[in-house]
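Input: a single structure, listed below in structure tokens.
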Amino acid sequence: MSQAIHLSQIYLDANATTPVLPQAAQAALTAMEDLFGNPSSSHITGLKAKNMMEQTRQRAKTLLGTGKGKLIFTSGATEGIQTGILSGLIKARENIEPGKNYSILYGATEHKAVPNSLEHWNSILGLNAEIKAIPVDSLGNLDLEFIAREVPNALMICTMAVNNETGVYQDLQRLEQTIREHNADTFWMVDCVQALGKRPLKLSETSIDYAPFSGHKLYAPKGIGFIYIRDSAPFTSFIAGGGQEGGLRSGTENLPGFAALNVIFEMLLDHENSCFSTAEKLEQYRQQLVSSLTAAFPEIVFNHSFENSVATTLNFAVPGFSSKELMDLFDAANIRVSSGSACSSKVTRSFVLDAMGLPAWQSESAIRLSFGPAMTQTEVDEACDRIQLAASALTHSCLMLDDTQLSDDRTPLDGLVQLRGGASCTWIYADLKTKQVLIIDPLPELEKRINTLLECQQLAPIAIIDTHGHADHISGRVALAQKHLKQQKCDHLGWPESSAKIQIDGIALDMIKLGELSLVKVASPGHTDDSISLLLTSDITKLKSSTHFAFCGDTVLMGSLGRTNFESSSSNKMFHSLKQLEQLIGPNTLLCASHDYNNEFTTSLMAEAARNPLLEGALNGKLSEAEFVTEKAHLDANLNDEVGTEIMCGAYTTDCQKMAIKEYDASNLQQLAQSETIKWIDIREPHEYALQHSLGIKTMASDSINVPMTRLVQFIQQHQDDKSSEWVLVCRSGSRSLVVAQAMQRLGFSNIAHLKGGYALSS
Ligand code: PLP
């Protein structure tokens with residue numbers, strides 16, 4: 001094992017937050033060490049602090065053209081937003097006429113801090129106003145007609161100057177005309193967080209009442225922000241206390257924060273002595289990044305127009321790649337970007353792009369790349385080089401095709417690959433020698449990825465088969481078969497008519513060859529009448545000991561059995577299908593189901609029987625057919641249809657609970673380095689793994705083997721006899737490694753551990 005070497009990160013997530021500029025950090029440090037006085041103290045130390053504070057305020061006022069308006073410091077924009085909303089709504093409450101309906105308007109693409117605060121204060125103040133989202137068009141522009149119609153009844157209207165996900169800016173002048181033409185008195189707040197340093201603002205020349213800002217989006221530390229309040233706008237203190245900030249916002253002031261902001265304001269005001277780039281330069285950077293991204297990912301789609309967005313934000317999607325995959329890829333290249341909005345990172349799609357009416361896939365797979373005005377040419381050049389490298393890693397691992405380099409240096413595919421679309425699985429088995437490939441339960445959304453893989457690896461399908469007629473999704477089988485198996489005659493599930501007939505244990509079965517392996521078809525009616533199981537075996541005379549994988553569709557799922565309440569279902573038949581499966585395959589044969597709701601990858605009859613009383617009862621004779629049928633009907637009646645069309649583990653009283661896994665963290669690394677016996681498995685995808693190596697980044701587990709999640713089932717099969725070694729799993733952040741460790745432990749790997757926090761916390 002060797003320790004990680006440091007390859008500088010390229011930080012392209014400025015809309016989430018920025019690093020503190022060294023000059024600003026230095027000023028903050030000085031404020032902590034020397035200028036630390038309390039601005040309320042009347043001695044010299046206090047007076048000096050106060051002087052710096054007022055200088056900062058004055059610079060902000062000049063920069064933003066606040067005129068007679070107030071500018072008070074806050075802890076950040078979220079506090080500013082509360083201050084603006086509270087002030088506006090308390091005043092509006094005074095003029096509410098009983099019996100009249102009122103609304104509060106906000107832009108549909110607003111940062112969640114705004115609608116959530118509106119809900120909060122509307123409820124606390126008992127206003128009972130209807131909170132309405134102002135729609136946007138496909139370019140992200142607010143619907144002015146909607147505003148014209150709705151604003152006469154609005155107590156307040158909240159819009160944003162620049163969107164944090166797309167960089168789209170609003171035409172504030174036209175917006176103001178529309179608002180004021182229809183309601184001269186309503187209170188108007190404009191969230192200016194993402195506009196600071198990127199858009200010109202002359203606030204006193206507008207009728208904006210409140211404009212909150214945040215320091216950490218422009219190179220100041222977290223915990224400092226400020227809000228502009230129009231001189232005629234009402235004001236209610238959000239924080240009362242010792243009367244600081246002229247009584248408007250109490251609490252001893254954040255001097256280090258002011259000192260840092262002071263430097264930032266100075267740079268924004270004095271272009272000559274600033275490390276901030278001009279608008280033209282930032283536009284050049286955007287063009288360079290766009291060209292580089294387009295060259296790297298030719299199918300890239302940008303999710304906004306460049307005409308009405310700031311140069312520092314790019315939001316895009318690449319067909320065929322989820323945002324998680326692209327995030328992992330960029331992270332492996334040491335480029336930090338974000339998916340959707342970093343402020344709500346658990347959400348899998350972007351409400352901003354949804355509001356713009358973009359197709360679902362663009363919203364689900366959006367990546368945001370954002371930088372600040374301190375970006376340098378060197379950083380842009382380096383980012384472009386790494387984007388190119390990242391794309392090459394994708395072509396290298398056959399996830400993207402590159403006509404210019406159909407290269408021979410790719411690792412040829414050998415064995416089983418598990419691909420996913422949501423909770424459904426497609427299985428692909430490639431025979432290294434013959435270059436033949438078998439595709440089972442292909443999902444339509446994976447068609448492109450499968451075609452790319454086949455072309456890149458120069459594989460020829462010998463069969464494309466569904467394990468049953470899927471009720472919950474359309475199969476991708478027909479489209480793939482039309483492309484690759486035009487001449488083949490097959491049944492409605494894709495099983496080739498030319499297959500051979502064999503007899504095993506008195507059972508007549510069909511069989512096709514795949515290199516030296518055989519694929520045996522076994523009828524498994526139950527979930528549907530046409531359900532089949534496909535046994536991939538190295539010796540048809542010894543199915544029990546030599547079946548590597550059983551593709552069993554929805555007959556046995558991880559934690560459950562397929563539902564049997566369709567018209568063509570039969571739980572009686574399922575009872576017999578399960579018994580026959582047990583007769584043919586081994587207790588540890590890996591079952592490859594067509595769904596994986598809990599990230600468990602694969603299972604075996606033994607592992608399932610241990611936690612599934614119904615299966616166990618059927619297999620060991622504890623349950624009669626009639627009892628099985630009764631219990632199964634009971635479970636089917638309790639199906640949770642919202643999570644899929646199969647019985648979920650929730651239907652069982654016993655567990656699908658995740659087991660505890662032995663964890664190591666960065667503090668154990670030295671001790672682990674000395675171990676002779678530990679075997680490291682890096683479970684990142686091959687392109688992430690390759691990228692780190694091509695960038696010369698050595699990780700602590702550089703002597704690891706790479707077993708990506710798509711190849712895990714193959715790995716488990718190959719290591720059935722090595723379940724007691726200490727395998728330590730590692731990935732980028734520790735979440736994939738935990739999931740894989742749980743799956744392996746459940747299947748009998750008795751000495752599994754993972755690295756908590758992954759490479760992210762260990763390098
Ligand atoms: N408004 C916008 C547009 C933002 O981007 C953010 C931060 O992501 C906020 C408000 C909240 O800012 P703060 O983190 O300073 O509370």
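Note on naming: chains are A, B, ... as they come in the structure tokens, residues start from 1 per chain, ligands start from 1 in the order shown.
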What lies within 8 Å of A:Leu591 using only C-alpha atoms, ignoring chain neighbours under 4 positions off, as a PyMOL selection string?
-> chain A and resi 549-552+556+602-605
Distance filter 9 Å around ligand 1, atoms: only C-alpha atoms and all ligand atoms, out as JSON, numbers by chain | {"A": [15, 16, 17, 75, 76, 77, 78, 79, 80, 81, 110, 111, 112, 113, 114, 160, 161, 162, 163, 164, 165, 191, 192, 193, 194, 195, 212, 213, 214, 215, 216, 217, 222, 223, 224, 225, 341, 342, 343]}
Leaving out A:Lys281 and any residue of its chain fewer than 5 positions from it, which residues lie within 10 Å of it when counting only C-alpha atoms, given as a ChimeraX atom specification?
-> /A:276,286-287,311,373,375-377
Hey, what's within 8 Å of A:Lys632 if we count only C-alpha atoms and toss same-chain stuff fewer than 5 positions away? As number ranges by chain, please?
-> A: 564, 571, 614
Prev. selection, C-alpha atoms, output as a tab-separated table (two decimals), in the first residue's frame:
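Here's the written file out-v7.tsv:
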```
chain	number	residue	atom	x	y	z
A	564	THR	CA	-48.81	-13.94	-7.95
A	571	SER	CA	-49.19	-19.40	-6.58
A	614	LEU	CA	-42.46	-18.57	2.92
```
Skip stretch 104-106 of chain A itself and residues of its chain fewer than 2 positions away, then list as a PyMOL selection string all residues within 8 Å of it, counting only C-alpha atoms.
-> chain A and resi 102+108+110+114-115+118+129-134+151+154-159
How about saving the chosen residues, N, CA and C atoms kept, as a compact mmCIF listing (two decimals), in the first residue's frame?
```txt
# COMPACT_ATOMS: atom_id res chain seq x y z
N TYR A 102 -55.98 37.04 -0.54
CA TYR A 102 -54.65 37.58 -0.87
C TYR A 102 -53.72 36.45 -1.30
N ALA A 108 -40.96 30.27 -9.56
CA ALA A 108 -40.95 28.81 -9.43
C ALA A 108 -39.53 28.24 -9.34
N GLU A 110 -37.08 29.72 -7.66
CA GLU A 110 -36.42 30.35 -6.50
C GLU A 110 -35.68 29.33 -5.64
N VAL A 114 -36.60 30.62 -0.06
CA VAL A 114 -37.66 31.62 -0.22
C VAL A 114 -39.06 31.01 -0.02
N PRO A 115 -39.49 30.02 -0.82
CA PRO A 115 -40.85 29.50 -0.58
C PRO A 115 -41.01 28.90 0.81
N LEU A 118 -41.57 31.70 3.16
CA LEU A 118 -42.90 32.29 2.95
C LEU A 118 -43.97 31.45 3.65
N ALA A 129 -52.67 33.73 3.39
CA ALA A 129 -52.57 34.10 1.96
C ALA A 129 -52.24 32.85 1.16
N GLU A 130 -52.65 32.86 -0.12
CA GLU A 130 -52.31 31.72 -0.98
C GLU A 130 -50.92 31.96 -1.56
N ILE A 131 -50.04 30.99 -1.33
CA ILE A 131 -48.67 31.18 -1.83
C ILE A 131 -48.59 30.57 -3.22
N LYS A 132 -48.30 31.39 -4.21
CA LYS A 132 -48.35 30.92 -5.59
C LYS A 132 -46.99 31.03 -6.27
N ALA A 133 -46.62 29.96 -6.98
CA ALA A 133 -45.37 29.97 -7.74
C ALA A 133 -45.61 30.64 -9.09
N ILE A 134 -44.74 31.57 -9.42
CA ILE A 134 -44.86 32.22 -10.74
C ILE A 134 -44.17 31.30 -11.75
N VAL A 151 -50.51 39.93 -9.44
CA VAL A 151 -49.86 40.82 -8.48
C VAL A 151 -50.83 41.83 -7.80
N ALA A 154 -51.41 40.61 -4.46
CA ALA A 154 -50.26 40.01 -3.76
C ALA A 154 -49.79 40.89 -2.61
N LEU A 155 -49.61 40.28 -1.45
CA LEU A 155 -49.05 41.00 -0.30
C LEU A 155 -47.57 41.25 -0.51
N MET A 156 -46.97 40.33 -1.25
CA MET A 156 -45.52 40.43 -1.45
C MET A 156 -45.17 39.61 -2.69
N ILE A 157 -44.09 39.99 -3.36
CA ILE A 157 -43.61 39.19 -4.49
C ILE A 157 -42.10 38.98 -4.33
N CYS A 158 -41.67 37.72 -4.48
CA CYS A 158 -40.25 37.40 -4.31
C CYS A 158 -39.71 36.81 -5.60
N THR A 159 -38.66 37.42 -6.12
CA THR A 159 -38.04 36.90 -7.34
C THR A 159 -36.55 36.82 -7.10
```
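The space separating atom CA of A:Gly242 from atom CA of A:Ser40 comes to 9.7 Å.
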DSSP-assigned strand (DSSP E or B) among stretch 219-413 of chain A, expressed as a PyMOL selection string | chain A and resi 225-229+301-302+309+313-317+335-336+338-339+367-370
